[in-house]
There are 2 protein chains.
Amino acid sequence: MRPTKRGELLQKALKAFYRNGFNATGMDKLVAETGISKTSMYKHFRTKEDLILAVLRLRDEQFRNWLYRRMEALADTPRERLIAMFDALEEWFAEPEYKGCLFIKASSEFQDASHPIHKQSADHKRLLESHVTDLAEKAGLADPGGLARQLLLLKEGAIVTAHLGHTETPAQDAKVAALRLLKAHAG
Amino acid sequence: MRPTKRGELLQKALKAFYRNGFNATGMDKLVAETGISKTSMYKHFRTKEDLILAVLRLRDEQFRNWLYRRMEALADTPRERLIAMFDALEEWFAEPEYKGCLFIKASSEFQDASHPIHKQSADHKRLLESHVTDLAEKAGLADPGGLARQLLLLKEGAIVTAHLGHTETPAQDAKVAALRLLKAHAG
DNA sequence: ATCAAAGTGAACCGATCGGTAAACTTTGAG
DNA sequence: CTCAAAGTTTACCGATCGGTTCACTTTGAT
């Protein structure tokens with residue numbers, strides 16, 4: 001009952017979609033890269049869209065888990081952990097396979113706001129926002145919601161800037177800005 | 001000698017790519033939407049990639065022109081114009097056809113940093129950076145380069161956040177943050 | 001009036017797209 | 001051992017992909 005093949009497919013599909021994009025990665029290419037038969041894929045997922053949605057769910061869990069744990073590991077207080085988010089981002093950007101944010105890509109290839117893939121990408125961002133807002137609250141900072149939104153603008157900006165590659169130190173720039181914004185919200 | 005058809009093709013292709021994405025917009029769809037024959041398209045552009053590069057050049061000119069003029073119209077001093085960038089963004093986000101930044105989309109569909117389309121998208125961002133740095137210099141603000149990079153992180157963040165649609169007021173949030181960053185760089 | 005440049009429509013190319021069908025093999029729990 | 005679930009290979013479907021070819025028409029300057 002262990003979904004060995006299904007999980008394996010999801011993980012490998014995630015990598016393939018992340019490397020090549022969604023529209024640019026056909027099901028036949030997925031067969032070639034995963035070694036899993038197309039028939040088997042379509043037994044687990046009725047359509048490519050369903051596969052993509054499942055991949056995004058996996059990535060959401062994977063990414064939030066990683067980011068939250070990294071923020072906890074790098075700092076001890078809620079306030080410091082907010083700042084540590086940008087150190088974690090810097091680690092991510094430094095990975096050789098870094099290719100930006102999968103959810104931004106997804107919303108960019110499935111643009112209609114009513115599209116399930118677009119909606120699910122927005123959900124991921126909402127979860128991040130509520131976590132950062134919580135942290136800002138626990139840190140006793142003023143207007144935690146507003147501060148969280150500002151910090152996340154810096155995060156998203158750093159993510160696309162790091163991918164575009166026209167700037168050298170997006171994570172550090174974002175961190176410097178974040179420190180100043182935190183000061184302005186000091187309790 | 002006026003490139004009537006060529007220009008018309010570029011403008012309509014720009015709209016089509018912006019609405020539907022690059023990979024998702026085939027040449028046949030372009031024929032259908034522009035009313036221009038495929039033969040004629042391939043007389044002006046050797047490949048789809050060439051077409052896309054020309055579309056991005058057009059968009060670069062169009063967008064920077066619009067943004068710079070809007071920033072000039074909305075405020076009188078360099079310092080105020082830096083802030084006015086976020087008012088201009090808010091106007092852009094409010095357009096019903098708003099679908100994010102074409103260059104972010106392009107770099108997301110053509111991910112390899114060495115790909116001409118990716119490079120050209122990075123060039124666009126570089127031009128914006130140098131303009132904003134100039135403004136920060138003219139405003140007599142400290143560390144104009146660093147400040148410009150921070151403001152542009154907010155801008156890129158607001159652009160993707162406005163497209164994801166999970167937040168109500170990305171432009172205003174970015175503006176509030178920008179005001180605080182400007183204060184920290186006061187001369 | 002002429003002639004080349006620019007544009008057109010339609011058919012066509014091999015490759016790939018998302019998805020299906022059929023017949024067969026592997027595997028693990030009762 | 002048995003039997004169903006899960007996985008496999010292979011071939012196939014109509015549609016679309018980027019791109020080409022060919023025969024023809026429109027247009028504007030000389």
# chains A, B, ... in the order shown; residues from 1 in each chain; ligands from 1
$ select_by_dssp --residues "region 30-181 of chain A" --states "helix (DSSP H, G or I)" --output "ChimeraX atom specification"
/A:30-34,38-44,48-74,78-94,102-109,116-138,144-164,170-181
$ interface_residues --of "chain A" --to "chain D" --cutoff "9 Å" --atoms "only C-alpha atoms (C1' of nucleotides)" --output "PyMOL selection string"
chain A and resi 36-37+39-40
$ write_last_selection --atoms "all heavy atoms" --output "tab-separated table (two decimals), in the first residue's frame"
chain	number	residue	atom	x	y	z
A	36	ILE	N	9.14	5.69	-15.48
A	36	ILE	CA	7.81	5.15	-15.14
A	36	ILE	C	6.93	5.22	-16.39
A	36	ILE	O	6.95	6.20	-17.12
A	36	ILE	CB	7.19	5.95	-13.98
A	36	ILE	CG1	8.04	5.76	-12.72
A	36	ILE	CG2	5.74	5.56	-13.74
A	36	ILE	CD1	7.68	6.69	-11.58
A	37	SER	N	6.17	4.15	-16.61
A	37	SER	CA	5.39	4.08	-17.84
A	37	SER	C	4.24	5.08	-17.83
A	37	SER	O	3.69	5.42	-16.77
A	37	SER	CB	4.83	2.68	-18.01
A	37	SER	OG	3.85	2.43	-17.02
A	39	THR	N	1.26	4.68	-18.92
A	39	THR	CA	0.04	4.03	-18.43
A	39	THR	C	-0.05	4.12	-16.92
A	39	THR	O	-1.11	4.39	-16.35
A	39	THR	CB	0.04	2.55	-18.84
A	39	THR	OG1	0.57	2.42	-20.15
A	39	THR	CG2	-1.34	1.98	-18.77
A	40	SER	N	1.08	3.88	-16.27
A	40	SER	CA	1.11	3.91	-14.82
A	40	SER	C	0.84	5.33	-14.30
A	40	SER	O	0.13	5.52	-13.32
A	40	SER	CB	2.47	3.41	-14.34
A	40	SER	OG	2.44	3.17	-12.96
$ closest_residue --among "A:Lys138, A:Arg59, A:Arg19, A:Lys38" --to "chain B" --atoms "only C-alpha atoms"
A:Arg19
$ closest_atom_pairs --of "chain C" --to "chain A" --cutoff "10 Å" --atoms "only C-alpha atoms (C1' of nucleotides)" --output "Markdown table"
| residue | atom | partner | partner_atom | distance |
| --- | --- | --- | --- | --- |
| C:DT16 | C1' | A:Gly26 | CA | 8.3 |
| C:DC17 | C1' | A:Gly26 | CA | 7.0 |
| C:DG18 | C1' | A:Met27 | CA | 7.4 |
| C:DG19 | C1' | A:Thr47 | CA | 8.1 |
| C:DT20 | C1' | A:Thr39 | CA | 8.9 |
| C:DG28 | C1' | A:Met1 | CA | 9.7 |
$ interface_residues --of "chain B" --to "chain A" --cutoff "8 Å" --atoms "only C-alpha atoms" --output "PyMOL selection string"
chain B and resi 19-21+23-24+99-100+104-105+107-109+111+113+118+121-123+125-126+146+149-150+152-158+160-161+163-166+170+173-174+177+180-181+184
$ atom_distance --atom1 "CA of Trp92 (chain B)" --atom2 "CA of Glu72 (chain B)"
15.7 Å
$ atom_distance --atom1 "CA of Leu10 (chain A)" --atom2 "CA of Thr34 (chain A)"
9.5 Å
